[in-house]
Structures are given as structure tokens and as C-alpha cells.
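These notes are about the structure you will find just below.
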Number of protein chains: 2
Amino acid sequence: MDIFEAIHTRRSIRSYTDGAVSQEQIDVLLQAAMTAPSAGNAQPWHFIVVQDRAMLDRLSTYNPYVKMLAQTPLAILVLGDLSLEKYPGYWPIDCSAAVQNLLLAARGMELGAVWTGVYPDQARMDALRDMLAIPKDIMPHSLIPVGVPAVESKRVDRFKPERIHQERW
Amino acid sequence: MDIFEAIHTRRSIRSYTDGAVSQEQIDVLLQAAMTAPSAGNAQPWHFIVVQDRAMLDRLSTYNPYVKMLAQTPLAILVLGDLSLEKYPGYWPIDCSAAVQNLLLAARGMELGAVWTGVYPDQARMDALRDMLAIPKDIMPHSLIPVGVPAVESKRVDRFKPERIHQERW
């Protein structure tokens, strides 16, 4: 798929068929995520791949915005590792670039995915830390349900010329 | 360009020819950036497009990591707008997704670009706020020099299987 088609047809998918995601597809998603830029090329990220049905169901109720996890065969939790930072404070930005790559890679394989926010919501971070046995210097950043979309990914136009400023504010 | 080629050959470009970037290319970059996902679809971003040679030269010395601005015909400053947030605290993540889309779009047009960090570095934010007359509730997030690359964009392999955890940490 062309890069611009992927960018402009990537949507937040919240409805899935019961189709599977293969190990090869999971590898492609993680390869894309880990290729993201990061401050000082520190690559301060980890990934927890959840495919266990009971855990996905349990995760689906940990906050009100992740119900679709009860439908997806896969969730990828992106985490920041404070000990890997070269320039402290940039890990949330680095992890965000990894997430966006992952979402575009999902779209590139015609999979569906949706970015569900974790950091900086402390209650969400604590809940995931408990459920997935995450150490204290590892920061849950974003939880990404992935599956086979039950809906078409239509092109979206969010262009707002009024947000563009020439030369200065 | 294929989405996976764009993801895996996007590099931080720090050396540029004196080639120009057209208005059409700038529009493509901003279209891609504004199509990024954001928390609650709030799209809490703005963009300052800098093409003035004197300002680019001045910006090139505002911190030690942006010297390449003296070579590029263009820089795009991505900014967060706190007043547009639906879920407070997510604007740096949203702006990061916009930046990553912008970088991939640059690669898709065979332009070169590099993500130079601003937020959360207070000194950098203050300096840009002064130079570009940015109001106090608007947050400079990332400054992206863009131009015609003087170097080839080779495929990079950053895959680290040890960063992948199955089912839990």
C-alpha cells in the first residue's frame, strides 16, 4: 500500500470480525514500531504482546474506552523504559512515534487497530502495571487492540488551513 | 512509495543539497500531519511554516542540534494548543503522531527531514516562543527541518527481539 494511502485511510477501528492475526503480521507490526525515530536514537521502548483470550477479556473492562478488546485476537502494549533514555523526558514522544508506525503498518496489511491512551493517566498506568506485572521504572504508554476490521477504512479529511501559520504565529 | 519502504528507509537527514521544497510538497506534508490520530480526535495542533532565509539561519543556532537549518529551505514547527484538548495531557502524544506522519510523508516524496526535539525542554520552548511570537497557551513541540537530502536513505534495522514480552512483562 502506498504511504499516502496508508496515512489518509488509517482510521481508529473499533469493530472487528473474528479473523486472526498471524505471528508474521505481529512481527511486521513490531518491526515497524521499532524503526521509529527516538531522541538520541535511544529506542527506549518495550512491547507486551497479549493474545491470551482471558487476559484480553479482562483488559477490555479496565477502562471504558477499550471494550473492543473483547473482540480482538491481539493487543500490543507499548511501554517506555526510563533507564534507556539518553535525553530524559522524551520517552513519551519516542513511544508515540513507535505507536504511529505500528498503526500505519497495521493499515498497510489491511488490519484494524486503534490507539487507546494510557500515559499520562495514572489510574490506567497503575491498573496495567498490576495486571501485567510491569516493574516500576517501565511506563505503560499506549495499548493497541489489533484485529481484522469489520468496517471499511474510508479516507478522512482533517485538513484545517487555519492551523497553518506563515513565518511566525 | 510503499508504506513499509517509507517506514524502514525513513532516516534522520542532517545533510541537504540546495534544492527547493515546493508549496505543493509543503501542503502534502501538512495534510499528512493533520491526518494523524489524536485523543478524542481533538487535533490539538498548529504548524508554523518557516521559509524566510534569515529566520532559518537564526533558528539554526538556537540550540546545538539544529545546525542543519542553515542548509534547509524549510522548517515546520509543530505546536500543541492546550485549549483544543479534549483529554488534558495527551497533546504531546498527539503532536508526536502528527510529526511521525509528516516525516513519513517527507520520505514518501524523497525529501529529507529530521525530528528535532523541543518539548519538554523549557529553554528551547522559551527561545522559540520569543523568536516566533508564540502565545503562552500554545506549546512548541517539535521543529522539523525539511529539504532535499544530500545523502541516500538506507534501510535501517532496529529490531530487538529482547524488547518483546509475551502475555506479560
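As shown in the C-alpha cells, the chain order sets the letters A, B, ...; within each chain, residues go from 1, and ligands are also counted from 1 in the order they appear.
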
Once chain B is fitted onto chain A by least squares over all its in-order Cα atoms, send the moved chain as a short mmCIF file (atom, residue, chain, number, x, y, z; two decimals) with C-alpha atoms, in the first residue's frame.
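This is the output file selection.cif:
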```cif
data_model
loop_
_atom_site.label_atom_id
_atom_site.label_comp_id
_atom_site.auth_asym_id
_atom_site.auth_seq_id
_atom_site.Cartn_x
_atom_site.Cartn_y
_atom_site.Cartn_z
CA MET B 1 0.00 -0.01 0.00
CA ASP B 2 1.19 3.48 -0.85
CA ILE B 3 2.43 5.55 2.10
CA PHE B 4 -0.09 8.32 1.43
CA GLU B 5 -2.98 5.90 1.12
CA ALA B 6 -1.94 4.34 4.43
CA ILE B 7 -1.71 7.74 6.15
CA HIS B 8 -5.02 9.03 4.81
CA THR B 9 -7.08 5.86 5.24
CA ARG B 10 -5.77 4.83 8.66
CA ARG B 11 -8.75 5.06 10.99
CA SER B 12 -9.44 4.13 14.57
CA ILE B 13 -11.10 0.74 14.16
CA ARG B 14 -13.46 -0.26 16.95
CA SER B 15 -15.34 -3.13 15.27
CA TYR B 16 -13.70 -6.41 14.31
CA THR B 17 -14.49 -9.76 12.69
CA ASP B 18 -13.31 -12.94 14.39
CA GLY B 19 -10.36 -13.16 11.95
CA ALA B 20 -6.92 -13.96 13.29
CA VAL B 21 -3.66 -12.02 13.22
CA SER B 22 -0.68 -14.22 12.29
CA GLN B 23 2.69 -14.31 14.03
CA GLU B 24 4.21 -12.95 10.82
CA GLN B 25 1.86 -9.97 10.94
CA ILE B 26 2.74 -9.36 14.59
CA ASP B 27 6.42 -9.35 13.64
CA VAL B 28 5.75 -6.80 10.87
CA LEU B 29 3.93 -4.54 13.35
CA LEU B 30 6.78 -4.72 15.87
CA GLN B 31 9.44 -4.23 13.20
CA ALA B 32 7.66 -1.06 12.08
CA ALA B 33 7.27 0.20 15.65
CA MET B 34 10.95 -0.35 16.49
CA THR B 35 12.06 1.51 13.36
CA ALA B 36 10.60 4.77 14.67
CA PRO B 37 12.90 7.69 15.40
CA SER B 38 13.71 8.47 19.04
CA ALA B 39 15.63 11.18 20.87
CA GLY B 40 19.33 10.35 20.55
CA ASN B 41 18.23 7.11 18.83
CA ALA B 42 17.75 5.70 22.33
CA GLN B 43 14.84 3.42 21.29
CA PRO B 44 13.52 3.48 24.88
CA TRP B 45 10.63 1.10 24.25
CA HIS B 46 9.30 -2.34 25.04
CA PHE B 47 6.23 -4.21 23.83
CA ILE B 48 3.94 -6.68 25.56
CA VAL B 49 2.09 -8.88 23.09
CA VAL B 50 -1.19 -10.12 24.57
CA GLN B 51 -3.06 -12.92 22.78
CA ASP B 52 -4.48 -14.84 25.72
CA ARG B 53 -8.26 -14.68 25.40
CA ALA B 54 -8.91 -14.47 29.12
CA MET B 55 -6.43 -11.60 29.55
CA LEU B 56 -7.83 -9.71 26.54
CA ASP B 57 -11.32 -10.02 28.02
CA ARG B 58 -10.05 -8.85 31.38
CA LEU B 59 -8.25 -5.90 29.76
CA SER B 60 -11.43 -4.95 27.87
CA THR B 61 -13.00 -3.68 31.08
CA TYR B 62 -9.99 -1.95 32.65
CA ASN B 63 -11.27 1.40 31.36
CA PRO B 64 -14.45 2.43 29.47
CA TYR B 65 -12.70 3.06 26.12
CA VAL B 66 -11.24 -0.35 25.39
CA LYS B 67 -14.31 -2.56 25.08
CA MET B 68 -13.20 -3.60 21.59
CA LEU B 69 -10.51 -5.74 23.25
CA ALA B 70 -13.25 -8.31 23.85
CA GLN B 71 -13.35 -8.69 20.02
CA THR B 72 -9.70 -8.54 19.03
CA PRO B 73 -7.31 -11.51 18.99
CA LEU B 74 -4.38 -9.27 19.89
CA ALA B 75 -3.35 -6.23 21.87
CA ILE B 76 0.10 -4.68 21.92
CA LEU B 77 1.08 -2.60 24.92
CA VAL B 78 3.84 -0.09 24.18
CA LEU B 79 5.96 0.81 27.19
CA GLY B 80 8.72 3.32 27.87
CA ASP B 81 11.92 2.36 29.69
CA LEU B 82 13.29 5.27 31.69
CA SER B 83 16.66 3.58 32.08
CA LEU B 84 17.19 3.61 28.31
CA GLU B 85 16.65 7.34 27.81
CA LYS B 86 19.56 9.41 26.53
CA TYR B 87 17.67 12.70 26.83
CA PRO B 88 15.32 12.41 29.83
CA GLY B 89 11.72 13.38 29.24
CA TYR B 90 11.45 12.35 25.59
CA TRP B 91 10.29 8.75 26.11
CA PRO B 92 6.55 9.54 25.71
CA ILE B 93 7.30 11.24 22.40
CA ASP B 94 9.50 8.36 21.22
CA CYS B 95 6.87 5.78 22.16
CA SER B 96 4.25 7.83 20.28
CA ALA B 97 6.31 7.67 17.09
CA ALA B 98 6.55 3.89 17.55
CA VAL B 99 2.77 3.65 18.01
CA GLN B 100 2.07 5.69 14.88
CA ASN B 101 4.40 3.44 12.84
CA LEU B 102 2.61 0.40 14.27
CA LEU B 103 -0.81 1.80 13.34
CA LEU B 104 0.30 2.59 9.79
CA ALA B 105 1.84 -0.87 9.43
CA ALA B 106 -1.48 -2.39 10.55
CA ARG B 107 -3.28 -0.36 7.91
CA GLY B 108 -0.64 -1.40 5.35
CA MET B 109 -1.63 -5.04 5.97
CA GLU B 110 -5.35 -4.17 5.99
CA LEU B 111 -5.55 -4.94 9.68
CA GLY B 112 -7.52 -2.70 11.99
CA ALA B 113 -6.17 -1.06 15.12
CA VAL B 114 -6.94 1.77 17.48
CA TRP B 115 -4.73 3.88 19.72
CA THR B 116 -6.02 3.72 23.28
CA GLY B 117 -4.26 6.13 25.58
CA VAL B 118 -2.61 5.02 28.81
CA TYR B 119 0.10 7.53 29.77
CA PRO B 120 -0.25 10.09 31.35
CA ASP B 121 -3.39 8.70 33.04
CA GLN B 122 -2.04 7.42 36.36
CA ALA B 123 -5.03 5.15 37.12
CA ARG B 124 -4.70 3.39 33.77
CA MET B 125 -0.95 3.03 34.19
CA ASP B 126 -1.36 1.54 37.66
CA ALA B 127 -4.05 -0.89 36.52
CA LEU B 128 -1.96 -2.21 33.65
CA ARG B 129 1.12 -2.36 35.88
CA ASP B 130 -0.79 -4.65 38.25
CA MET B 131 -2.38 -6.82 35.58
CA LEU B 132 0.76 -7.38 33.52
CA ALA B 133 3.43 -7.40 36.27
CA ILE B 134 5.24 -4.33 34.96
CA PRO B 135 8.24 -3.09 37.00
CA LYS B 136 8.19 0.42 38.42
CA ASP B 137 10.70 2.05 36.04
CA ILE B 138 8.80 0.75 33.00
CA MET B 139 5.96 3.05 31.91
CA PRO B 140 2.83 1.74 30.16
CA HIS B 141 2.30 4.24 27.33
CA SER B 142 -0.39 3.07 24.88
CA LEU B 143 -2.49 -0.04 24.42
CA ILE B 144 -3.26 -1.01 20.82
CA PRO B 145 -6.00 -3.56 20.05
CA VAL B 146 -5.37 -5.16 16.65
CA GLY B 147 -7.58 -7.41 14.55
CA VAL B 148 -9.37 -7.86 11.27
CA PRO B 149 -11.62 -4.83 10.73
CA ALA B 150 -15.37 -5.32 10.32
CA VAL B 151 -15.66 -1.86 8.76
CA GLU B 152 -14.18 -0.22 5.70
CA SER B 153 -11.33 2.24 6.23
CA LYS B 154 -12.52 5.30 4.37
CA ARG B 155 -10.34 8.25 3.54
CA VAL B 156 -10.61 11.03 6.09
CA ASP B 157 -10.04 14.75 5.52
CA ARG B 158 -8.85 16.61 8.60
CA PHE B 159 -7.04 19.40 6.77
CA LYS B 160 -7.55 22.74 8.53
CA PRO B 161 -5.78 25.57 6.72
CA GLU B 162 -6.45 27.88 9.67
CA ARG B 163 -3.96 25.84 11.72
CA ILE B 164 -1.11 26.85 9.38
CA HIS B 165 0.87 29.98 10.22
CA GLN B 166 3.41 31.53 7.88
CA GLU B 167 6.84 32.50 9.22
CA ARG B 168 5.60 33.21 12.77
CA TRP B 169 2.46 32.86 14.88
#
```

Please return, as a PDB file with N, CA and C atoms, in the first residue's frame, all residues of range 9-167 of chain A that DSSP assigns to strand (DSSP E or B) on the basis of the backbone.
```
ATOM      1  N   SER A  12      -9.308   4.843  13.317  1.00  0.00           N
ATOM      2  CA  SER A  12      -9.435   4.128  14.585  1.00  0.00           C
ATOM      3  C   SER A  12     -10.534   3.089  14.418  1.00  0.00           C
ATOM      4  N   TYR A  16     -14.562  -5.394  14.888  1.00  0.00           N
ATOM      5  CA  TYR A  16     -13.686  -6.411  14.305  1.00  0.00           C
ATOM      6  C   TYR A  16     -14.460  -7.685  13.974  1.00  0.00           C
ATOM      7  N   TRP A  45      11.959   1.720  24.246  1.00  0.00           N
ATOM      8  CA  TRP A  45      10.625   1.091  24.247  1.00  0.00           C
ATOM      9  C   TRP A  45      10.683  -0.416  24.455  1.00  0.00           C
ATOM     10  N   HIS A  46       9.558  -0.917  24.946  1.00  0.00           N
ATOM     11  CA  HIS A  46       9.292  -2.347  25.046  1.00  0.00           C
ATOM     12  C   HIS A  46       7.868  -2.578  24.558  1.00  0.00           C
ATOM     13  N   PHE A  47       7.565  -3.855  24.337  1.00  0.00           N
ATOM     14  CA  PHE A  47       6.239  -4.213  23.824  1.00  0.00           C
ATOM     15  C   PHE A  47       5.769  -5.480  24.533  1.00  0.00           C
ATOM     16  N   ILE A  48       4.560  -5.451  25.043  1.00  0.00           N
ATOM     17  CA  ILE A  48       3.952  -6.689  25.562  1.00  0.00           C
ATOM     18  C   ILE A  48       2.865  -7.110  24.567  1.00  0.00           C
ATOM     19  N   VAL A  49       3.023  -8.329  24.064  1.00  0.00           N
ATOM     20  CA  VAL A  49       2.086  -8.883  23.080  1.00  0.00           C
ATOM     21  C   VAL A  49       1.094  -9.772  23.826  1.00  0.00           C
ATOM     22  N   VAL A  50      -0.164  -9.364  23.847  1.00  0.00           N
ATOM     23  CA  VAL A  50      -1.190 -10.122  24.572  1.00  0.00           C
ATOM     24  C   VAL A  50      -2.111 -10.818  23.565  1.00  0.00           C
ATOM     25  N   LEU A  74      -5.719  -9.770  19.581  1.00  0.00           N
ATOM     26  CA  LEU A  74      -4.373  -9.279  19.887  1.00  0.00           C
ATOM     27  C   LEU A  74      -4.453  -7.870  20.472  1.00  0.00           C
ATOM     28  N   ALA A  75      -3.595  -7.618  21.430  1.00  0.00           N
ATOM     29  CA  ALA A  75      -3.334  -6.238  21.869  1.00  0.00           C
ATOM     30  C   ALA A  75      -1.837  -6.106  22.060  1.00  0.00           C
ATOM     31  N   ILE A  76      -1.318  -4.961  21.685  1.00  0.00           N
ATOM     32  CA  ILE A  76       0.097  -4.675  21.914  1.00  0.00           C
ATOM     33  C   ILE A  76       0.182  -3.477  22.848  1.00  0.00           C
ATOM     34  N   LEU A  77       0.836  -3.704  23.983  1.00  0.00           N
ATOM     35  CA  LEU A  77       1.073  -2.599  24.918  1.00  0.00           C
ATOM     36  C   LEU A  77       2.477  -2.059  24.661  1.00  0.00           C
ATOM     37  N   VAL A  78       2.543  -0.752  24.381  1.00  0.00           N
ATOM     38  CA  VAL A  78       3.834  -0.090  24.170  1.00  0.00           C
ATOM     39  C   VAL A  78       4.238   0.541  25.499  1.00  0.00           C
ATOM     40  N   LEU A  79       5.486   0.329  25.891  1.00  0.00           N
ATOM     41  CA  LEU A  79       5.966   0.817  27.195  1.00  0.00           C
ATOM     42  C   LEU A  79       7.268   1.577  27.021  1.00  0.00           C
ATOM     43  N   GLY A  80       7.464   2.578  27.861  1.00  0.00           N
ATOM     44  CA  GLY A  80       8.717   3.321  27.865  1.00  0.00           C
ATOM     45  C   GLY A  80       9.634   2.832  28.982  1.00  0.00           C
ATOM     46  N   ASP A  81      10.915   2.828  28.717  1.00  0.00           N
ATOM     47  CA  ASP A  81      11.908   2.354  29.691  1.00  0.00           C
ATOM     48  C   ASP A  81      12.802   3.538  30.066  1.00  0.00           C
ATOM     49  N   GLY A 112      -6.960  -3.839  11.297  1.00  0.00           N
ATOM     50  CA  GLY A 112      -7.523  -2.698  12.002  1.00  0.00           C
ATOM     51  C   GLY A 112      -6.856  -2.546  13.353  1.00  0.00           C
ATOM     52  N   ALA A 113      -6.770  -1.334  13.817  1.00  0.00           N
ATOM     53  CA  ALA A 113      -6.157  -1.069  15.119  1.00  0.00           C
ATOM     54  C   ALA A 113      -6.703   0.257  15.634  1.00  0.00           C
ATOM     55  N   THR A 116      -5.364   3.382  22.020  1.00  0.00           N
ATOM     56  CA  THR A 116      -6.037   3.724  23.273  1.00  0.00           C
ATOM     57  C   THR A 116      -4.979   4.258  24.248  1.00  0.00           C
ATOM     58  N   GLY A 117      -5.239   5.437  24.746  1.00  0.00           N
ATOM     59  CA  GLY A 117      -4.267   6.146  25.570  1.00  0.00           C
ATOM     60  C   GLY A 117      -4.124   5.536  26.961  1.00  0.00           C
ATOM     61  N   VAL A 118      -2.905   5.482  27.440  1.00  0.00           N
ATOM     62  CA  VAL A 118      -2.625   5.028  28.809  1.00  0.00           C
ATOM     63  C   VAL A 118      -1.927   6.197  29.522  1.00  0.00           C
ATOM     64  N   PRO A 120      -0.658   9.904  29.957  1.00  0.00           N
ATOM     65  CA  PRO A 120      -0.231  10.099  31.352  1.00  0.00           C
ATOM     66  C   PRO A 120      -1.315   9.813  32.398  1.00  0.00           C
ATOM     67  N   ILE A 138       9.319   0.996  34.350  1.00  0.00           N
ATOM     68  CA  ILE A 138       8.795   0.760  32.998  1.00  0.00           C
ATOM     69  C   ILE A 138       7.402   1.369  32.934  1.00  0.00           C
ATOM     70  N   MET A 139       7.180   2.239  31.943  1.00  0.00           N
ATOM     71  CA  MET A 139       5.971   3.049  31.910  1.00  0.00           C
ATOM     72  C   MET A 139       5.013   2.590  30.811  1.00  0.00           C
ATOM     73  N   PRO A 140       3.836   2.076  31.181  1.00  0.00           N
ATOM     74  CA  PRO A 140       2.836   1.745  30.159  1.00  0.00           C
ATOM     75  C   PRO A 140       2.420   3.015  29.419  1.00  0.00           C
ATOM     76  N   HIS A 141       2.504   3.019  28.116  1.00  0.00           N
ATOM     77  CA  HIS A 141       2.300   4.242  27.327  1.00  0.00           C
ATOM     78  C   HIS A 141       0.999   4.205  26.524  1.00  0.00           C
ATOM     79  N   SER A 142       0.781   3.151  25.755  1.00  0.00           N
ATOM     80  CA  SER A 142      -0.399   3.068  24.889  1.00  0.00           C
ATOM     81  C   SER A 142      -0.754   1.605  24.679  1.00  0.00           C
ATOM     82  N   LEU A 143      -2.024   1.331  24.610  1.00  0.00           N
ATOM     83  CA  LEU A 143      -2.492  -0.043  24.419  1.00  0.00           C
ATOM     84  C   LEU A 143      -3.221  -0.103  23.071  1.00  0.00           C
ATOM     85  N   ILE A 144      -2.757  -1.000  22.211  1.00  0.00           N
ATOM     86  CA  ILE A 144      -3.267  -1.016  20.833  1.00  0.00           C
ATOM     87  C   ILE A 144      -3.948  -2.349  20.512  1.00  0.00           C
ATOM     88  N   PRO A 145      -5.282  -2.385  20.556  1.00  0.00           N
ATOM     89  CA  PRO A 145      -6.001  -3.563  20.057  1.00  0.00           C
ATOM     90  C   PRO A 145      -5.780  -3.687  18.552  1.00  0.00           C
ATOM     91  N   VAL A 146      -5.584  -4.910  18.085  1.00  0.00           N
ATOM     92  CA  VAL A 146      -5.371  -5.155  16.645  1.00  0.00           C
ATOM     93  C   VAL A 146      -6.196  -6.363  16.240  1.00  0.00           C
ATOM     94  N   GLY A 147      -6.825  -6.272  15.063  1.00  0.00           N
ATOM     95  CA  GLY A 147      -7.591  -7.400  14.554  1.00  0.00           C
ATOM     96  C   GLY A 147      -7.966  -7.174  13.102  1.00  0.00           C
ATOM     97  N   PRO A 149     -10.531  -5.814  10.594  1.00  0.00           N
ATOM     98  CA  PRO A 149     -11.613  -4.827  10.729  1.00  0.00           C
ATOM     99  C   PRO A 149     -12.937  -5.326  10.149  1.00  0.00           C
ATOM    100  N   ILE A 164      -2.424  26.610   9.996  1.00  0.00           N
ATOM    101  CA  ILE A 164      -1.116  26.848   9.391  1.00  0.00           C
ATOM    102  C   ILE A 164      -0.771  28.332   9.509  1.00  0.00           C
ATOM    103  N   HIS A 165       0.421  28.601  10.015  1.00  0.00           N
ATOM    104  CA  HIS A 165       0.878  29.979  10.224  1.00  0.00           C
ATOM    105  C   HIS A 165       2.139  30.178   9.403  1.00  0.00           C
ATOM    106  N   GLN A 166       2.240  31.301   8.735  1.00  0.00           N
ATOM    107  CA  GLN A 166       3.402  31.554   7.881  1.00  0.00           C
ATOM    108  C   GLN A 166       4.452  32.378   8.613  1.00  0.00           C
TER     109      GLN A 166
END
```

Query - Residue list (helix (DSSP H, G or I), DSSP) for chain B, as JSON, numbers by chain - result: {"B": [3, 4, 5, 6, 7, 8, 9, 23, 24, 25, 26, 27, 28, 29, 30, 31, 32, 33, 34, 39, 40, 41, 53, 54, 55, 56, 57, 58, 59, 67, 68, 69, 70, 82, 83, 84, 91, 92, 93, 94, 95, 96, 97, 98, 99, 100, 101, 102, 103, 104, 105, 106, 107, 108, 122, 123, 124, 125, 126, 127, 128, 129, 130, 131, 132, 161, 162, 163]}
